[in-house]
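See below for entry_13.csv, which holds CSV, N, CA and C atoms.
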```csv
chain,number,residue,atom,x,y,z
K,1,MET,N,3.4,33.9,-30.2
K,1,MET,CA,2.8,33.3,-29.1
K,1,MET,C,3.2,31.8,-29.0
K,2,LYS,N,3.2,31.1,-30.1
K,2,LYS,CA,3.6,29.7,-30.2
K,2,LYS,C,5.0,29.5,-29.8
K,3,LYS,N,5.9,30.5,-30.1
K,3,LYS,CA,7.3,30.4,-29.8
K,3,LYS,C,7.5,30.4,-28.3
K,4,ILE,N,6.7,31.1,-27.5
K,4,ILE,CA,6.8,31.2,-26.1
K,4,ILE,C,6.1,30.0,-25.4
K,5,PHE,N,5.0,29.6,-25.9
K,5,PHE,CA,4.2,28.6,-25.3
K,5,PHE,C,4.9,27.2,-25.3
K,6,LEU,N,5.4,26.8,-26.4
K,6,LEU,CA,6.1,25.4,-26.4
K,6,LEU,C,7.3,25.3,-25.5
K,7,PRO,N,8.2,26.3,-25.5
K,7,PRO,CA,9.3,26.2,-24.5
K,7,PRO,C,8.8,26.2,-23.0
K,8,LEU,N,7.8,27.0,-22.8
K,8,LEU,CA,7.2,27.1,-21.4
K,8,LEU,C,6.7,25.7,-21.0
K,9,ILE,N,5.9,25.0,-21.9
K,9,ILE,CA,5.4,23.7,-21.6
K,9,ILE,C,6.6,22.7,-21.3
K,10,PHE,N,7.6,22.8,-22.2
K,10,PHE,CA,8.8,21.9,-22.0
K,10,PHE,C,9.4,22.1,-20.7
K,11,CYS,N,9.7,23.4,-20.3
K,11,CYS,CA,10.3,23.7,-19.0
K,11,CYS,C,9.5,23.2,-17.8
K,12,LEU,N,8.2,23.4,-17.9
K,12,LEU,CA,7.3,22.9,-16.8
K,12,LEU,C,7.3,21.4,-16.7
K,13,THR,N,7.3,20.7,-17.8
K,13,THR,CA,7.4,19.3,-17.8
K,13,THR,C,8.7,18.8,-17.1
K,14,ILE,N,9.8,19.4,-17.4
K,14,ILE,CA,11.1,19.0,-16.7
K,14,ILE,C,11.0,19.3,-15.2
K,15,ILE,N,10.5,20.4,-14.9
K,15,ILE,CA,10.5,20.8,-13.4
K,15,ILE,C,9.6,19.8,-12.7
K,16,PHE,N,8.4,19.5,-13.2
K,16,PHE,CA,7.5,18.6,-12.4
K,16,PHE,C,7.9,17.2,-12.5
K,17,SER,N,8.6,16.7,-13.5
K,17,SER,CA,9.1,15.3,-13.5
K,17,SER,C,10.2,15.1,-12.6
K,18,SER,N,11.0,16.1,-12.3
K,18,SER,CA,12.2,16.0,-11.4
K,18,SER,C,11.7,15.9,-9.9
K,19,ALA,N,10.5,16.3,-9.7
K,19,ALA,CA,10.0,16.3,-8.3
K,19,ALA,C,9.2,15.0,-7.9
K,20,SER,N,9.4,14.0,-8.7
K,20,SER,CA,8.7,12.7,-8.4
K,20,SER,C,9.4,12.0,-7.2
K,21,ALA,N,8.6,11.1,-6.6
K,21,ALA,CA,9.0,10.4,-5.4
K,21,ALA,C,10.1,9.4,-5.8
K,22,GLN,N,10.8,8.9,-4.8
K,22,GLN,CA,11.8,7.9,-5.0
K,22,GLN,C,11.7,6.8,-3.9
K,23,ASP,N,12.2,5.7,-4.2
K,23,ASP,CA,12.3,4.6,-3.2
K,23,ASP,C,13.7,4.5,-2.7
K,24,ILE,N,13.9,4.4,-1.4
K,24,ILE,CA,15.2,4.3,-0.8
K,24,ILE,C,15.5,2.9,-0.3
K,25,TYR,N,16.6,2.3,-0.7
K,25,TYR,CA,17.0,1.0,-0.1
K,25,TYR,C,17.2,1.2,1.4
K,26,ALA,N,16.6,0.2,2.1
K,26,ALA,CA,16.6,0.3,3.6
K,26,ALA,C,17.4,-0.9,4.2
K,27,SER,N,17.1,-2.1,3.8
K,27,SER,CA,17.6,-3.3,4.4
K,27,SER,C,17.4,-4.5,3.6
K,28,SER,N,17.9,-5.6,4.1
K,28,SER,CA,17.7,-6.9,3.5
K,28,SER,C,17.6,-8.0,4.6
K,29,LYS,N,16.8,-9.0,4.3
K,29,LYS,CA,16.6,-10.1,5.3
K,29,LYS,C,16.1,-11.3,4.6
K,30,ASP,N,16.7,-12.4,4.8
K,30,ASP,CA,16.3,-13.7,4.2
K,30,ASP,C,16.1,-13.7,2.7
K,31,GLY,N,17.0,-13.0,2.0
K,31,GLY,CA,17.0,-12.9,0.6
K,31,GLY,C,16.1,-11.8,0.0
K,32,TYR,N,15.3,-11.2,0.9
K,32,TYR,CA,14.5,-10.1,0.5
K,32,TYR,C,15.2,-8.7,0.7
K,33,GLU,N,14.9,-7.8,-0.2
K,33,GLU,CA,15.4,-6.4,-0.1
K,33,GLU,C,14.1,-5.6,0.2
K,34,TYR,N,14.3,-4.5,1.1
K,34,TYR,CA,13.3,-3.7,1.5
K,34,TYR,C,13.6,-2.2,1.0
K,35,TYR,N,12.6,-1.6,0.4
K,35,TYR,CA,12.8,-0.2,-0.1
K,35,TYR,C,11.6,0.6,0.5
K,36,VAL,N,12.0,1.7,1.1
K,36,VAL,CA,11.1,2.7,1.7
K,36,VAL,C,10.5,3.6,0.5
K,37,MET,N,9.2,3.7,0.5
K,37,MET,CA,8.5,4.5,-0.5
K,37,MET,C,8.4,5.9,0.2
K,38,THR,N,9.3,6.8,-0.2
K,38,THR,CA,9.4,8.1,0.5
K,38,THR,C,8.1,8.9,0.5
K,39,GLU,N,7.4,8.8,-0.5
K,39,GLU,CA,6.1,9.6,-0.6
K,39,GLU,C,5.1,9.2,0.4
K,40,THR,N,5.3,8.0,1.0
K,40,THR,CA,4.3,7.5,2.0
K,40,THR,C,4.6,7.7,3.4
K,41,ILE,N,5.8,8.3,3.7
K,41,ILE,CA,6.2,8.5,5.1
K,41,ILE,C,5.3,9.5,5.8
K,42,ASN,N,4.8,9.1,6.9
K,42,ASN,CA,4.0,10.0,7.8
K,42,ASN,C,4.4,9.9,9.2
K,43,GLU,N,4.4,11.0,9.9
K,43,GLU,CA,4.8,11.1,11.3
K,43,GLU,C,3.7,11.7,12.1
K,44,ARG,N,3.4,11.2,13.3
K,44,ARG,CA,2.4,11.8,14.2
K,44,ARG,C,2.9,11.7,15.6
K,45,ASP,N,2.8,12.8,16.3
K,45,ASP,CA,3.1,12.9,17.8
K,45,ASP,C,1.8,13.1,18.5
K,46,TYR,N,1.7,12.3,19.6
K,46,TYR,CA,0.5,12.5,20.4
K,46,TYR,C,0.8,12.1,21.9
K,47,THR,N,-0.2,12.3,22.7
K,47,THR,CA,0.0,11.9,24.1
K,47,THR,C,-1.0,10.8,24.5
K,48,THR,N,-0.6,9.9,25.3
K,48,THR,CA,-1.5,8.9,25.8
K,48,THR,C,-1.5,8.9,27.3
K,49,ASN,N,-2.6,8.6,27.9
K,49,ASN,CA,-2.7,8.6,29.4
K,49,ASN,C,-2.7,7.1,29.9
K,50,VAL,N,-1.7,6.9,30.8
K,50,VAL,CA,-1.6,5.6,31.4
K,50,VAL,C,-1.7,5.8,33.0
K,51,ASN,N,-2.7,5.2,33.6
K,51,ASN,CA,-2.8,5.4,35.1
K,51,ASN,C,-2.7,6.8,35.5
K,52,GLY,N,-3.4,7.7,34.8
K,52,GLY,CA,-3.4,9.1,35.2
K,52,GLY,C,-2.2,9.9,34.9
K,53,LYS,N,-1.2,9.3,34.2
K,53,LYS,CA,0.0,10.1,33.8
K,53,LYS,C,0.1,10.1,32.2
K,54,ASN,N,0.4,11.3,31.7
K,54,ASN,CA,0.5,11.4,30.2
K,54,ASN,C,1.9,11.1,29.8
K,55,TYR,N,2.0,10.4,28.7
K,55,TYR,CA,3.2,10.0,28.1
K,55,TYR,C,3.2,10.3,26.6
K,56,PRO,N,4.4,10.8,26.1
K,56,PRO,CA,4.5,11.1,24.7
K,56,PRO,C,4.6,9.9,23.8
K,57,VAL,N,4.0,9.9,22.7
K,57,VAL,CA,4.0,8.8,21.7
K,57,VAL,C,4.4,9.3,20.4
K,58,LYS,N,5.3,8.7,19.7
K,58,LYS,CA,5.6,9.0,18.3
K,58,LYS,C,5.3,7.9,17.4
K,59,GLU,N,4.6,8.2,16.3
K,59,GLU,CA,4.1,7.1,15.4
K,59,GLU,C,4.6,7.5,14.0
K,60,VAL,N,5.2,6.5,13.3
K,60,VAL,CA,5.7,6.7,12.0
K,60,VAL,C,5.1,5.6,11.1
K,61,THR,N,4.4,5.9,10.0
K,61,THR,CA,3.9,4.9,9.1
K,61,THR,C,4.6,5.1,7.8
K,62,VAL,N,4.7,4.0,7.0
K,62,VAL,CA,5.4,4.1,5.7
K,62,VAL,C,5.0,2.8,5.0
K,63,ASN,N,5.0,2.9,3.7
K,63,ASN,CA,4.8,1.7,2.8
K,63,ASN,C,6.2,1.3,2.4
K,64,VAL,N,6.5,0.0,2.3
K,64,VAL,CA,7.8,-0.6,2.0
K,64,VAL,C,7.6,-1.6,0.9
K,65,LYS,N,8.4,-1.5,-0.1
K,65,LYS,CA,8.4,-2.5,-1.1
K,65,LYS,C,9.3,-3.7,-0.7
K,66,LYS,N,8.8,-4.9,-0.8
K,66,LYS,CA,9.5,-6.1,-0.5
K,66,LYS,C,9.9,-6.8,-1.8
K,67,ILE,N,11.2,-6.9,-2.1
K,67,ILE,CA,11.7,-7.3,-3.4
K,67,ILE,C,12.4,-8.7,-3.2
K,68,TYR,N,12.2,-9.6,-4.1
K,68,TYR,CA,13.0,-10.8,-4.1
K,68,TYR,C,13.5,-11.0,-5.5
K,69,ASP,N,14.8,-11.2,-5.7
K,69,ASP,CA,15.5,-11.4,-7.0
K,69,ASP,C,15.0,-10.4,-8.0
K,70,GLY,N,15.0,-9.1,-7.6
K,70,GLY,CA,14.7,-8.0,-8.5
K,70,GLY,C,13.2,-7.8,-8.8
K,71,ALA,N,12.3,-8.7,-8.3
K,71,ALA,CA,10.9,-8.6,-8.6
K,71,ALA,C,10.1,-8.2,-7.3
K,72,LEU,N,9.1,-7.3,-7.5
K,72,LEU,CA,8.3,-6.9,-6.4
K,72,LEU,C,7.4,-8.1,-5.9
K,73,VAL,N,7.6,-8.4,-4.6
K,73,VAL,CA,6.8,-9.5,-4.0
K,73,VAL,C,5.4,-8.9,-3.5
K,74,LYS,N,5.6,-7.8,-2.7
K,74,LYS,CA,4.4,-7.1,-2.2
K,74,LYS,C,4.8,-5.7,-1.6
K,75,VAL,N,3.8,-4.9,-1.5
K,75,VAL,CA,4.0,-3.6,-0.8
K,75,VAL,C,3.4,-3.8,0.6
K,76,GLN,N,4.3,-3.6,1.6
K,76,GLN,CA,3.9,-3.8,3.0
K,76,GLN,C,3.6,-2.4,3.7
K,77,HIS,N,2.6,-2.4,4.6
K,77,HIS,CA,2.4,-1.2,5.4
K,77,HIS,C,3.0,-1.3,6.7
K,78,TRP,N,4.0,-0.5,7.1
K,78,TRP,CA,4.7,-0.6,8.3
K,78,TRP,C,4.2,0.5,9.2
K,79,LYS,N,4.1,0.2,10.5
K,79,LYS,CA,3.7,1.3,11.5
K,79,LYS,C,4.7,1.1,12.7
K,80,PHE,N,5.5,2.1,13.0
K,80,PHE,CA,6.4,2.2,14.1
K,80,PHE,C,5.8,3.1,15.2
K,81,THR,N,5.9,2.6,16.4
K,81,THR,CA,5.4,3.4,17.5
K,81,THR,C,6.5,3.4,18.7
K,82,SER,N,6.7,4.6,19.2
K,82,SER,CA,7.7,4.8,20.3
K,82,SER,C,6.9,5.3,21.5
K,83,PHE,N,6.9,4.6,22.6
K,83,PHE,CA,6.2,5.0,23.8
K,83,PHE,C,7.2,5.7,24.7
K,84,ASN,N,6.9,7.0,25.0
K,84,ASN,CA,7.8,7.7,25.9
K,84,ASN,C,9.2,7.9,25.3
K,85,TYR,N,9.3,7.9,24.0
K,85,TYR,CA,10.6,8.0,23.2
K,85,TYR,C,11.7,7.1,23.7
K,86,ARG,N,11.3,5.9,24.2
K,86,ARG,CA,12.3,5.0,24.7
K,86,ARG,C,12.4,3.7,23.9
K,87,THR,N,11.3,3.0,23.8
K,87,THR,CA,11.2,1.8,23.1
K,87,THR,C,10.4,1.9,21.8
K,88,TRP,N,10.9,1.2,20.8
K,88,TRP,CA,10.2,1.2,19.5
K,88,TRP,C,9.5,-0.2,19.3
K,89,GLN,N,8.3,-0.2,18.7
K,89,GLN,CA,7.7,-1.4,18.3
K,89,GLN,C,7.2,-1.2,16.9
K,90,PHE,N,7.0,-2.3,16.2
K,90,PHE,CA,6.6,-2.2,14.8
K,90,PHE,C,5.5,-3.2,14.5
K,91,VAL,N,4.6,-2.8,13.5
K,91,VAL,CA,3.6,-3.7,13.0
K,91,VAL,C,3.6,-3.7,11.5
K,92,ILE,N,3.6,-4.9,10.9
K,92,ILE,CA,3.6,-5.0,9.4
K,92,ILE,C,2.3,-5.5,9.0
K,93,ASP,N,1.6,-4.7,8.2
K,93,ASP,CA,0.3,-5.1,7.6
K,93,ASP,C,-0.7,-5.5,8.7
K,94,ASP,N,-0.6,-4.9,9.8
K,94,ASP,CA,-1.5,-5.2,11.0
K,94,ASP,C,-1.5,-6.7,11.4
K,95,THR,N,-0.5,-7.4,11.0
K,95,THR,CA,-0.4,-8.8,11.4
K,95,THR,C,0.9,-9.2,12.2
K,96,GLU,N,2.0,-8.9,11.6
K,96,GLU,CA,3.3,-9.2,12.2
K,96,GLU,C,3.7,-8.1,13.1
K,97,ARG,N,4.2,-8.5,14.3
K,97,ARG,CA,4.6,-7.5,15.3
K,97,ARG,C,5.9,-7.8,15.8
K,98,GLY,N,6.6,-6.8,16.3
K,98,GLY,CA,7.9,-6.9,16.9
K,98,GLY,C,8.4,-5.7,17.6
K,99,SER,N,9.5,-5.8,18.3
K,99,SER,CA,10.1,-4.6,18.9
K,99,SER,C,11.6,-4.6,18.6
K,100,PHE,N,12.2,-3.5,19.0
K,100,PHE,CA,13.7,-3.4,18.7
K,100,PHE,C,14.5,-4.0,19.7
K,101,SER,N,14.0,-5.0,20.4
K,101,SER,CA,14.8,-5.6,21.5
K,101,SER,C,15.6,-6.9,21.1
K,102,SER,N,15.5,-7.3,19.8
K,102,SER,CA,16.2,-8.5,19.4
K,102,SER,C,17.0,-8.3,18.2
K,103,VAL,N,17.9,-9.2,17.9
K,103,VAL,CA,18.7,-9.2,16.7
K,103,VAL,C,17.8,-9.4,15.5
K,104,LYS,N,16.7,-10.1,15.6
K,104,LYS,CA,15.8,-10.3,14.5
K,104,LYS,C,15.2,-9.1,14.0
K,105,SER,N,15.2,-8.0,14.8
K,105,SER,CA,14.5,-6.8,14.4
K,105,SER,C,15.5,-5.8,13.7
K,106,LEU,N,16.7,-6.1,13.5
K,106,LEU,CA,17.7,-5.2,12.9
K,106,LEU,C,17.2,-4.6,11.6
K,107,TYR,N,16.6,-5.4,10.8
K,107,TYR,CA,16.1,-4.9,9.5
K,107,TYR,C,15.0,-3.9,9.7
K,108,ALA,N,14.2,-4.1,10.7
K,108,ALA,CA,13.1,-3.1,11.0
K,108,ALA,C,13.7,-1.8,11.4
K,109,GLN,N,14.8,-1.8,12.2
K,109,GLN,CA,15.5,-0.6,12.7
K,109,GLN,C,16.0,0.1,11.5
K,110,GLU,N,16.6,-0.6,10.5
K,110,GLU,CA,17.1,0.0,9.3
K,110,GLU,C,16.0,0.7,8.4
K,111,ILE,N,14.9,0.0,8.4
K,111,ILE,CA,13.8,0.6,7.7
K,111,ILE,C,13.3,1.9,8.3
K,112,LEU,N,13.2,1.9,9.6
K,112,LEU,CA,12.8,3.2,10.3
K,112,LEU,C,13.9,4.2,10.1
K,113,ARG,N,15.1,3.9,10.2
K,113,ARG,CA,16.2,4.8,10.0
K,113,ARG,C,16.1,5.4,8.6
K,114,ALA,N,15.8,4.6,7.6
K,114,ALA,CA,15.7,5.1,6.2
K,114,ALA,C,14.6,6.1,6.0
K,115,THR,N,13.6,6.2,6.9
K,115,THR,CA,12.5,7.2,6.8
K,115,THR,C,13.0,8.5,7.3
K,116,GLY,N,14.1,8.6,8.0
K,116,GLY,CA,14.6,9.8,8.5
K,116,GLY,C,13.9,10.3,9.8
K,117,LYS,N,13.1,9.5,10.4
K,117,LYS,CA,12.2,9.9,11.5
K,117,LYS,C,12.8,9.3,12.8
K,118,TRP,N,13.9,8.6,12.8
K,118,TRP,CA,14.4,8.0,14.0
K,118,TRP,C,15.7,8.7,14.4
```

Written form, structure tokens:
Amino acid sequence: MKKIFLPLIFCLTIIFSSASAQDIYASSKDGYEYYVMTETINERDYTTNVNGKNYPVKEVTVNVKKIYDGALVKVQHWKFTSFNYRTWQFVIDDTERGSFSSVKSLYAQEILRATGKW
């Protein structure tokens, strides 16, 4: 029984350790590097009503590691929202806001692209 039990535990350990989450490099800006924490990616589709007309909305949330010189500065919570599947907006930690309409937002676009939801 012991001869079967130990190899079984070893195999299960290898299988479950290989299924761990990973961080994906997404972008850099102003000396900071941004890594998407893949295990935190969430997507939600819903409808919103504006002046009596329903519009589709796509929402993607993800945690992103902000790194400077190889050290973790902080983990940011990003929320991307697309209204009517046309324009994207983003919010970082419920404080910083932006849209994909300017060159300054290129790093945000790359972060959303790294989630695989755009």

Distance query Leu72 of chain K at most 12 Å, only C-alpha atoms, self and fewer than 4 positions along chain excluded, as a compact mmCIF listing (two decimals) with N, CA and C atoms, in the frame of the given file:
```txt
# COMPACT_ATOMS: atom_id res chain seq x y z
N TYR K 32 15.30 -11.20 0.90
CA TYR K 32 14.50 -10.10 0.50
C TYR K 32 15.20 -8.70 0.70
N GLU K 33 14.90 -7.80 -0.20
CA GLU K 33 15.40 -6.40 -0.10
C GLU K 33 14.10 -5.60 0.20
N TYR K 34 14.30 -4.50 1.10
CA TYR K 34 13.30 -3.70 1.50
C TYR K 34 13.60 -2.20 1.00
N TYR K 35 12.60 -1.60 0.40
CA TYR K 35 12.80 -0.20 -0.10
C TYR K 35 11.60 0.60 0.50
N VAL K 64 6.50 0.00 2.30
CA VAL K 64 7.80 -0.60 2.00
C VAL K 64 7.60 -1.60 0.90
N LYS K 65 8.40 -1.50 -0.10
CA LYS K 65 8.40 -2.50 -1.10
C LYS K 65 9.30 -3.70 -0.70
N LYS K 66 8.80 -4.90 -0.80
CA LYS K 66 9.50 -6.10 -0.50
C LYS K 66 9.90 -6.80 -1.80
N ILE K 67 11.20 -6.90 -2.10
CA ILE K 67 11.70 -7.30 -3.40
C ILE K 67 12.40 -8.70 -3.20
N TYR K 68 12.20 -9.60 -4.10
CA TYR K 68 13.00 -10.80 -4.10
C TYR K 68 13.50 -11.00 -5.50
N GLN K 76 4.30 -3.60 1.60
CA GLN K 76 3.90 -3.80 3.00
C GLN K 76 3.60 -2.40 3.70
```

What lies within 7 Å of Asp94 of chain K using only N, CA and C atoms, ignoring chain neighbours under 6 positions off, as a PDB file with N, CA and C atoms, keeping the file's coordinate frame?
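out-v8.pdb was written with the following content:
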```pdb
ATOM      1  N   HIS K  77       2.600  -2.400   4.600  1.00  0.00           N
ATOM      2  CA  HIS K  77       2.400  -1.200   5.400  1.00  0.00           C
ATOM      3  C   HIS K  77       3.000  -1.300   6.700  1.00  0.00           C
ATOM      4  N   TRP K  78       4.000  -0.500   7.100  1.00  0.00           N
ATOM      5  CA  TRP K  78       4.700  -0.600   8.300  1.00  0.00           C
ATOM      6  C   TRP K  78       4.200   0.500   9.200  1.00  0.00           C
ATOM      7  N   LYS K  79       4.100   0.200  10.500  1.00  0.00           N
ATOM      8  CA  LYS K  79       3.700   1.300  11.500  1.00  0.00           C
ATOM      9  C   LYS K  79       4.700   1.100  12.700  1.00  0.00           C
TER      10      LYS K  79
END
```

| Quick one: DSSP strand (DSSP E) residues in chain K, as a ChimeraX atom specification? | /K:23-29,32-37,42-50,53-68,71-83,87-92,96-99

| request: In the coordinate frame of the file, compute which residues have an atom within 8 Å of (-1.6, 10.7, 15.4) when using all atoms listed in the file, and state them as a VMD selection string. | output: chain K and resid 43 to 47 57 to 59

| message | Let me make sure I understand: among K:Thr95, K:Asn49, K:Gln109, K:Thr61, which one has the smallest atom-to-atom distance to Phe80 of chain K if we use only N, CA and C atoms? | response |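 Using only N, CA and C atoms, Phe80 of chain K sits closest to K:Thr61.
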
| said: Taking (10.3, 9.1, 25.7) in the coordinates of the supplied file, I want to know which residues reach to within 8 Å of it, counting only N, CA and C atoms; could you give the answer as a PyMOL selection string? | reply: chain K and resi 55-58+82-87

Save the residues we just selected, N, CA and C atoms, as an mmCIF file, in the frame of the given file?
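Okay, part_21.cif is ready:
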```cif
data_model
loop_
_atom_site.group_PDB
_atom_site.id
_atom_site.type_symbol
_atom_site.label_atom_id
_atom_site.label_comp_id
_atom_site.auth_asym_id
_atom_site.auth_seq_id
_atom_site.Cartn_x
_atom_site.Cartn_y
_atom_site.Cartn_z
ATOM 1 N N TYR K 55 2.000 10.400 28.700
ATOM 2 C CA TYR K 55 3.200 10.000 28.100
ATOM 3 C C TYR K 55 3.200 10.300 26.600
ATOM 4 N N PRO K 56 4.400 10.800 26.100
ATOM 5 C CA PRO K 56 4.500 11.100 24.700
ATOM 6 C C PRO K 56 4.600 9.900 23.800
ATOM 7 N N VAL K 57 4.000 9.900 22.700
ATOM 8 C CA VAL K 57 4.000 8.800 21.700
ATOM 9 C C VAL K 57 4.400 9.300 20.400
ATOM 10 N N LYS K 58 5.300 8.700 19.700
ATOM 11 C CA LYS K 58 5.600 9.000 18.300
ATOM 12 C C LYS K 58 5.300 7.900 17.400
ATOM 13 N N SER K 82 6.700 4.600 19.200
ATOM 14 C CA SER K 82 7.700 4.800 20.300
ATOM 15 C C SER K 82 6.900 5.300 21.500
ATOM 16 N N PHE K 83 6.900 4.600 22.600
ATOM 17 C CA PHE K 83 6.200 5.000 23.800
ATOM 18 C C PHE K 83 7.200 5.700 24.700
ATOM 19 N N ASN K 84 6.900 7.000 25.000
ATOM 20 C CA ASN K 84 7.800 7.700 25.900
ATOM 21 C C ASN K 84 9.200 7.900 25.300
ATOM 22 N N TYR K 85 9.300 7.900 24.000
ATOM 23 C CA TYR K 85 10.600 8.000 23.200
ATOM 24 C C TYR K 85 11.700 7.100 23.700
ATOM 25 N N ARG K 86 11.300 5.900 24.200
ATOM 26 C CA ARG K 86 12.300 5.000 24.700
ATOM 27 C C ARG K 86 12.400 3.700 23.900
ATOM 28 N N THR K 87 11.300 3.000 23.800
ATOM 29 C CA THR K 87 11.200 1.800 23.100
ATOM 30 C C THR K 87 10.400 1.900 21.800
#
```

| query | Of the candidates K:Val91, K:Val60, K:Ile41, K:Val73, which shows the shortest atom-to-atom distance to Ser105 of chain K, using only C-alpha atoms? | reply |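 The shortest atom-to-atom distance to Ser105 of chain K comes from K:Val91.
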
Have segment 54-69 of chain K completed to N, CA, C and O atoms, please, and pass it along as a CSV table (one decimal), keeping the file's coordinate frame.
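Wrote rebuild.csv, looks like this:
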```csv
chain,number,residue,atom,x,y,z
K,54,ASN,N,0.4,11.3,31.7
K,54,ASN,CA,0.5,11.4,30.2
K,54,ASN,C,1.9,11.1,29.8
K,54,ASN,O,2.9,11.5,30.4
K,55,TYR,N,2.0,10.4,28.7
K,55,TYR,CA,3.2,10.0,28.1
K,55,TYR,C,3.2,10.3,26.6
K,55,TYR,O,2.2,10.2,25.9
K,56,PRO,N,4.4,10.8,26.1
K,56,PRO,CA,4.5,11.1,24.7
K,56,PRO,C,4.6,9.9,23.8
K,56,PRO,O,5.2,8.9,24.2
K,57,VAL,N,4.0,9.9,22.7
K,57,VAL,CA,4.0,8.8,21.7
K,57,VAL,C,4.4,9.3,20.4
K,57,VAL,O,3.8,10.4,19.9
K,58,LYS,N,5.3,8.7,19.7
K,58,LYS,CA,5.6,9.0,18.3
K,58,LYS,C,5.3,7.9,17.4
K,58,LYS,O,5.6,6.7,17.7
K,59,GLU,N,4.6,8.2,16.3
K,59,GLU,CA,4.1,7.1,15.4
K,59,GLU,C,4.6,7.5,14.0
K,59,GLU,O,4.4,8.6,13.5
K,60,VAL,N,5.2,6.5,13.3
K,60,VAL,CA,5.7,6.7,12.0
K,60,VAL,C,5.1,5.6,11.1
K,60,VAL,O,5.2,4.4,11.5
K,61,THR,N,4.4,5.9,10.0
K,61,THR,CA,3.9,4.9,9.1
K,61,THR,C,4.6,5.1,7.8
K,61,THR,O,4.9,6.2,7.4
K,62,VAL,N,4.7,4.0,7.0
K,62,VAL,CA,5.4,4.1,5.7
K,62,VAL,C,5.0,2.8,5.0
K,62,VAL,O,4.8,1.7,5.6
K,63,ASN,N,5.0,2.9,3.7
K,63,ASN,CA,4.8,1.7,2.8
K,63,ASN,C,6.2,1.3,2.4
K,63,ASN,O,7.1,2.1,2.0
K,64,VAL,N,6.5,0.0,2.3
K,64,VAL,CA,7.8,-0.6,2.0
K,64,VAL,C,7.6,-1.6,0.9
K,64,VAL,O,6.7,-2.5,1.0
K,65,LYS,N,8.4,-1.5,-0.1
K,65,LYS,CA,8.4,-2.5,-1.1
K,65,LYS,C,9.3,-3.7,-0.7
K,65,LYS,O,10.5,-3.5,-0.3
K,66,LYS,N,8.8,-4.9,-0.8
K,66,LYS,CA,9.5,-6.1,-0.5
K,66,LYS,C,9.9,-6.8,-1.8
K,66,LYS,O,9.0,-7.2,-2.6
K,67,ILE,N,11.2,-6.9,-2.1
K,67,ILE,CA,11.7,-7.3,-3.4
K,67,ILE,C,12.4,-8.7,-3.2
K,67,ILE,O,13.2,-8.8,-2.3
K,68,TYR,N,12.2,-9.6,-4.1
K,68,TYR,CA,13.0,-10.8,-4.1
K,68,TYR,C,13.5,-11.0,-5.5
K,68,TYR,O,12.7,-11.1,-6.5
K,69,ASP,N,14.8,-11.2,-5.7
K,69,ASP,CA,15.5,-11.4,-7.0
K,69,ASP,C,15.0,-10.4,-8.0
K,69,ASP,O,14.7,-10.7,-9.2
```
